[in-house]
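Peer 1: Before I ask anything, let me first share the structure, which is written out below as structure tokens.
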Amino acid sequence: MTLRPVAAAALFALAAALFLAGLARALPPGEWLAALLSPQPDDVSALLVHYTVFPRAATALAAGASLALSGLVLQIALDNPLAEPSTTGVSAGAVLALAVFGSAGLGGASQSLVALGGGLAAAAVTLGLALRGGLRPATVVIAGLVLGFAASAATTLIALFNHEWMRALFLWSSGSLRQNDWSAAARLTPLLALAWIAAGCLARAFTLSSLRDEGAAALGGNPRIIRLTALALAAGLAALTTAEVGAIAFIGLAAPHFARATGARTMADRLLWTPIFGAGLLWLTDEAVKLIPLDLPTGAATGLLGAPLLMALAARLRLPSLAPVPISAPSQRLRPAWGLLLFGCIVALAAALFLDRAADGWSLAAPAQALDWRVPRTIAAFGAGAAIAVAGALLQRMTGNVMASPDMIGVSAGAALGFLVLLYAAPAAGPAAQLAAGALGAGLAALWALKGLKRGGAPEQPLLLGVGLAAAFTGVVSFLLASGDPRMALAVVWLSGSTYLVDGQRALVILAVAAGGLSAALTLARPLALLPLGPAARSSGLRIRQAQALTIALASVLTAAATLVIGPLSFVGLVAPHAARGLGCRSPLSLLAGSALVGGALLAVADWIGRVALFPYEIPAGIVAMLLGGAAALVALMKSP
Amino acid sequence: MNDWTRRSLLSAALALAGTARAQTAGPRVVVLDWALTELALLVGVTPAAVAEAPYYRTRVATPDLPAAVVDVGLRAQPNLALVASLKPDLIVRLRHYGPPQSRLAAIAPTLELSIYEADQRPYERSCEALATLGEACGAAGQTAFALARIDAALARARERLGAHDGRPVLIANFADDRRADVFGHGSLFQNALERIGLANAYAGPTNMWGFATLGLDRLARFEGARLVALSPGPPASLARSALWRALPAFEDVVVLPPVWVYGGLASMTRFATLLSDALAGSHAL
């Protein structure tokens with residue numbers, strides 16, 4: 001009971017102390033008030049304090065509270081503790097809009113408006129799609145995720161060809177709280193206040209909706225209306241905040257858990273305290289960031305500092321177990337469409353291997369040429385796609401969580417982090433060293449995930465840890481990309497998932513890993529059929545902990561291998577199992593095999609399109625796969641009843 | 001762009017192009033980096049192909065890249081199949097960038113050159129790279145001429161600045177409306193400033209490419225310095241803001257046309273020419 005005020009007071013006191021210490025370095029205390037209210041026009045220090053120091057703190061407080069409130073409302077409305085403001089696709093939409101209109105870095109109201117427009121459009125698409133599916137939380141989550149992935153793929157594609165925007169775009173999307181005036185704080189604060197009051201009025205409705213649909217309806221609430229209102233509120237708030245300060249990850253995810261962990265139980269308590277903790281967390285992070293001489297974006301720091309916090313919290317937190325939700329539209333097919341799957345694979349591989357574009361137009365490539373250029377890339381794309389798809393199928397099957405994808409256990413983040421840090425610290429290191437650094441990162445992440453499992457929590461707990469690690473990774477990546485280091489252009493290519501650097505040896509290795517991983521996964525078919533039942537599975541003689549550990553270990557190996565060969569491809573791991581299910585693969589056995597075929601074919605055809613579409617410019621396979629798969633998934637969502 | 005700028009740019013371009021002639025007999029060279037493309041053109045070697053050739057023409061600009069030069073795709077990942085199909089005699093790459101040496105060496109002999117390194121000696125390295133490149137392309141005789149033309153262009157720039165008030169300059173490339181890359185030790189711009197007799201207001205630490213990213217709060221502290229922004233200059237919203245207008249450091253900012261900040265000797269000369277024109281021109285007003 002007394003924990004909350006104490007924790008909040010500690011957060012704010014620490015942030016305020018850092019803030020005042022910084023202020024004292026800029027101005028003597030006697031002049032603070034004058035600088036805040038009306039600085040002398042000829043006093044540079046006072047002007048800077050008035051236009052940069054105070055507005056930055058005010059913006060941090062308002063943005064932190066907004067993100068936290070948005071995250072909390074989303075977690076309630078979607079009944080998913082992993083939901084955060086970007087779940088509705090808002091931040092990806094905002095970044096894409098800035099890229100399309102080339103207005104990143106321009107600053108001012110025009111930049112905010114473009115970002116706000118993009119964010120709101122993305123949220124509208126997500127909610128519109130989900131509305132057709134009856135606003136099931138699962139549909140919202142999937143639509144938002146898919147839209148987010150597709151939008152960021154489109155952004156990367158634009159950025160690859162527009163270097164002049166790339167820097168400003170990465171700087172903005174890494175979430176900086178630097179301010180030149182009071183406009184951001186002035187725009188955010190009244191809207192935050194309104195949203196907070198609105199959320200307070202909805203507290204009773206939220207309590208009802210947390211009883212799940214049947215319960216809410218029994219007590220006289222209309223769950224659909226409640227959910228739509230909540231989602232619109234959360235998405236609008238997230239879009240506004242993102243438009244002002246860029247993508248600041250993690251506050252919206254962590255603050256609700258923070259409030260819960262310090263004892264906010266009732267809905268009213270949670271609505272009151274979550275924004276307070278969010279404001280404190282972001283302010284403190286920002287003040288800490290200012291102490292570091294590097295120009296570290298605050299969004300990068302929230303990921304870095306927040307990840308260990310979330311991990312520590314996760315061990316103590318009793319997560320409400322996620323209800324196994326219907327993941328895809330139930331297929332009309334009774335049996336897997338093996339014929340269609342195999343045909344698709346053959347067409348994809350044939351195109352990738354034999355149809356080529358060169359300086360003088362299209363040609364059916366001679367096999368000898370194909371051996372040189374296309375065979376290793378096609379094999380690697382197919383193998384990596386299959387491996388990551390099997391990993392995704394394993395994790396989704398194990399947790400019954402629609403958001404479970406290989407990057408959620410943090411393995412691809414770990415691998416990518418290892419690779420990037422080496423690229424930055426020792427640019428001269430060869431491919432062997434890069435592979436080793438990546439493997440080390442992946443191994444550490446997998447160990448971490450398994451350790452979280454051993455402490456005995458819900459099967460989602462390793463996922464929560466993975467989310468923390470992924471947030472930290474995103475932070476480091478955006479910091480490196482925004483650093484102005486021209487070598488990072490190659491990193492962007494690799495981070496998007498590219499077969500460019502693959503040679504014959506690596507291609508065979510990843511194909512072998514995919515085949516071996518699939519065979520191993522098939523032996524786990526029986527435990528995987530039982531695991532989603534939760535504790536009930538124990539009664540059928542299953543050693544749950546052991547089965548979970550095996551599943552995670554296998555998924556980690558597959559993810560790490562695919563990441564190391566062609567980069568993080570989380571999207572394929574998310575979407576391939578869904579597509580396989582849509583093609584009638586229901587049993588664990590057929591789901592695993594079907595996912596492998598879908599993932600492999602998707603990435604092989606994406607690699608081919610990436611090579612020929614803008615010849616001689618090459619688009620990374622991962623970007624094409626996201627655009628293709630994203631479009632297909634959105635169409636499927638639109639068609640689903 | 002003002003008249004004076006266009007005129008001296010033209011003359012600088014002509015001077016730099018020197019004896020650039022159609023490569024009929026020379027080796028077929030594929031260059032994967034823009035700074036090295038500058039160097040090749042300086043010694044009169046027209047590459048058969050350059051990565052992102054169309055973007056070179058707008059962002060690096062001088063020396064001119066003939067329209068016939070083939071585009072081989074992104075600098076970070078040039079299209080290797082296309083490079084191979086051009087059957088080059090020599091591939092020129094910059095150290096640390098693009099595909100690994102082993103991949104390129106399988107296609108044709110590959111020359112690896114370096115400019116921006118941890119030792120922050122881009123000028124010396126550029127001159128060495130120029131000589132190495134000239135030798136590898138059978139144009140060793142052109143190196144001395146190229147260096148002489150650069151010296152002459154820098155001397156002309158210094159002369160034009162004769163009447164300049166001697167205010168130190170702060171060379172900034174705005175990343176967005178809140179921060180800018182400020183160039184100092186380790187950049188070729190620093191060498192250019194020294195050669196044309198201008199003082200750099202920024203003497204702080206810099207990264208491998210000779211710049212440091214500073215926020216507005218730091219930029220505002222260079223009072224008395226002349227702020228020189230590379231194109232496109234400070235974003236409009238920043239230039240309109242109350243803070244910008246109130247701060248004396250931003251009073252008379254000069255905006256230069258695009259200059260390639262990771263460039264070579266030609267970009268350095270282009271920078272010196274543009275800067276001396278801008279400062280001399282603004283004083284004539």
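For the structure tokens, the naming scheme is as follows: chains receive sequential letters (A, B, ...) according to their order of presentation, residues are indexed from 1 within each chain, and ligands are indexed from 1 in presentation order.
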Go through chain B residue by residue and, counting only C-alpha atoms, keep those with an atom at most 6 Å from chain A; for each kept residue give the shortest atom pair and its distance in Å to one decimal, ordered by chain and increasing number, as a Markdown table.

Peer 2:
```
| residue | atom | partner | partner_atom | distance |
| --- | --- | --- | --- | --- |
| B:Val72 | CA | A:Pro616 | CA | 5.8 |
| B:Gly73 | CA | A:Tyr617 | CA | 4.3 |
| B:Leu74 | CA | A:Tyr617 | CA | 5.9 |
| B:Ala76 | CA | A:Leu490 | CA | 5.1 |
| B:Asn79 | CA | A:Pro616 | CA | 5.8 |
| B:Ala175 | CA | A:Ala168 | CA | 5.6 |
| B:Asp176 | CA | A:Gly105 | CA | 3.9 |
| B:Asp177 | CA | A:Gly107 | CA | 5.4 |
| B:Pro235 | CA | A:Leu106 | CA | 5.1 |
| B:Ser237 | CA | A:Gly108 | CA | 5.3 |
```

Peer 1: Excluding segment 375-382 of chain A and its own-chain neighbours fewer than 6 positions away, which residues fall within 8 Å of it when counting only C-alpha atoms? Please give them as a list in words.

Peer 2: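 So, after excluding close chain neighbours, the residues are Leu349, Ala352, Leu353, Thr499, Tyr500, Val502, Asp503, Gly504, Arg506, Ala507, Leu508, Ile510, Leu511, Val565, Ile566, Gly599, Gly600, Ala601, Leu602, Leu603, Ala604, Asp607, Trp608 and Ala621 of chain A.
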
Peer 1: With C-alpha atoms retained, export the selected residues as a compact mmCIF listing (two decimals), in the first residue's frame.

Peer 2:
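Once written, result_22.txt looks like this:
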```
# COMPACT_ATOMS: atom_id res chain seq x y z
CA LEU A 349 12.82 -21.80 -56.43
CA ALA A 352 14.94 -17.54 -58.19
CA LEU A 353 17.35 -19.91 -59.91
CA THR A 499 21.59 -12.78 -48.76
CA TYR A 500 24.14 -10.44 -50.31
CA VAL A 502 26.20 -15.42 -48.43
CA ASP A 503 28.61 -17.89 -50.00
CA GLY A 504 28.14 -21.55 -50.89
CA ARG A 506 27.15 -20.71 -45.43
CA ALA A 507 24.20 -21.55 -47.67
CA LEU A 508 24.70 -25.27 -47.14
CA ILE A 510 21.85 -22.95 -42.99
CA LEU A 511 20.02 -25.47 -45.17
CA VAL A 565 23.53 -16.07 -42.12
CA ILE A 566 21.18 -13.42 -43.47
CA GLY A 599 8.87 -19.56 -44.84
CA GLY A 600 11.40 -21.00 -47.28
CA ALA A 601 9.34 -20.19 -50.38
CA LEU A 602 8.50 -16.69 -49.13
CA LEU A 603 12.12 -15.77 -48.54
CA ALA A 604 13.41 -17.39 -51.75
CA ASP A 607 15.31 -12.63 -52.52
CA TRP A 608 14.67 -13.04 -56.24
CA ALA A 621 15.27 -10.02 -49.13
```

Peer 1: One decimal, Å: what's the distance from atom CA of Arg227 of chain A over to atom CA of Ala632 of chain A, could you say?

Peer 2: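 Atom CA of Ala632 of chain A lies 26.2 Å from atom CA of Arg227 of chain A.
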
Peer 1: Take atom CA of Ala351 of chain A and atom CA of Val635 of chain A and report the distance between them in Å, one decimal.

Peer 2: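 Those two atoms sit 24.0 Å apart.
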
Peer 1: Using only C-alpha atoms for the distances, tell me which of A:Ile292, A:Cys201, A:Leu191, A:Ile142 is nearest to Ala130 of chain A.

Peer 2: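 Closest to Ala130 of chain A of all the choices is A:Ile142.
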
Peer 1: Using 10 Å as the limit and counting only C-alpha atoms, can you tabulate each residue of segment 178-267 of chain B that touches segment 29-39 of chain B, with its shortest atom-to-atom distance in Å and the two atoms involved, as a tab-separated table?

Peer 2:
```
residue	atom	partner	partner_atom	distance
B:Trp260	CA	B:Ala35	CA	8.4
B:Val261	CA	B:Ala35	CA	9.5
B:Tyr262	CA	B:Ala35	CA	6.9
B:Gly263	CA	B:Ala35	CA	4.4
B:Gly264	CA	B:Ala35	CA	4.6
B:Leu265	CA	B:Leu39	CA	7.0
B:Ala266	CA	B:Glu38	CA	6.0
B:Ser267	CA	B:Glu38	CA	7.8
```

Peer 1: From a DSSP calculation on the backbone, collect every residue of segment 16-234 of chain B in strand (DSSP E) and output the set as a ChimeraX atom specification.

Peer 2: /B:29-31,49-50,70-71,90-94,110-113,169-174,179-183,211-215,226-230

Peer 1: Run DSSP on the backbone and give me the residues of segment 96-144 of chain A it puts in alpha helix (DSSP H), as a PyMOL selection string.

Peer 2: chain A and resi 96-101+108-132+137-144

Peer 1: One decimal, Å: what's the distance from atom CA of Ala24 of chain A over to atom CA of Gly204 of chain B, could you say?

Peer 2: 23.6 Å

Peer 1: Do you know which residues are at most 8 Å from Leu41 of chain B counting only C-alpha atoms, after dropping those on the same chain fewer than 3 positions away, and could you put them as a PyMOL selection string?

Peer 2: chain B and resi 17+20+37-38+44-47+63+65

Peer 1: Please provide as a PyMOL selection string all residues within 10 Å of Ala199 of chain B, with the sequence filter that same-chain residues fewer than 5 positions apart are discarded (counting only C-alpha atoms).

Peer 2: chain B and resi 166-170+190+193-194+225

Peer 1: Would you kindly return, as a list in words, each protein, DNA or RNA residue with an atom no farther than 6 Å from any atom of Ala255 of chain A, considering only C-alpha atoms and excluding same-chain residues fewer than 4 positions away?

Peer 2: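 Once the nearby chain positions are removed, what remains is Ala68, Ile251, Thr274, Phe277 and Gly278 of chain A.
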
Peer 1: Can those selected residues be exported to a file as a compact mmCIF listing (two decimals), in the first residue's frame so that it contains C-alpha atoms?

Peer 2:
```
# COMPACT_ATOMS: atom_id res chain seq x y z
CA ALA A 68 2.36 4.94 -19.96
CA ILE A 251 7.93 3.24 -21.22
CA THR A 274 0.73 4.19 -14.25
CA PHE A 277 5.38 6.14 -12.99
CA GLY A 278 5.69 6.67 -16.74
```

Peer 1: Point out the residue among B:Ala163, B:Met268, B:Val50, B:Leu94 with the least atom-to-atom distance to Ile150 of chain B, counting only C-alpha atoms.

Peer 2: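 Using only C-alpha atoms, the shortest distance to Ile150 of chain B belongs to B:Met268.
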
Peer 1: Contacts of Asp71 of chain B at 7 Å or less, counting only C-alpha atoms, minus same-chain residues fewer than 4 places along, as JSON, numbers by chain?

Peer 2: {"B": [49, 50, 51, 52, 53]}

Peer 1: Please determine, counting only C-alpha atoms, which residue among A:Gln75, A:Thr563, A:Ser183, A:Thr302 has the shortest atom-to-atom distance to Val140 of chain A.

Peer 2: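 Nearest candidate to Val140 of chain A out of A:Gln75, A:Thr563, A:Ser183, A:Thr302: A:Gln75.
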
Peer 1: Show which residues sit within 12 Å of Pro122 of chain B, as a list in words. Count only C-alpha atoms, and ignore same-chain residues fewer than 5 positions away.

Peer 2: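 Surrounding residues, per the criterion: Ala35, Leu113, Ser114, Ile115, Tyr116, Glu117, Cys127, Glu128, Ala129, Leu130, Gly184, His185, Gly186, Ser187, Leu188, Phe189, Gln190, Asn191, Ala192, Met208, Trp209, Gly210, Val261, Tyr262, Gly263, Gly264, Leu265 and Met268 of chain B.
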
Peer 1: Closest to Ser241 of chain B among A:Gly64, A:Ser86, A:Trp182, A:Leu78, using only C-alpha atoms?

Peer 2: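 Closest candidate: A:Trp182.
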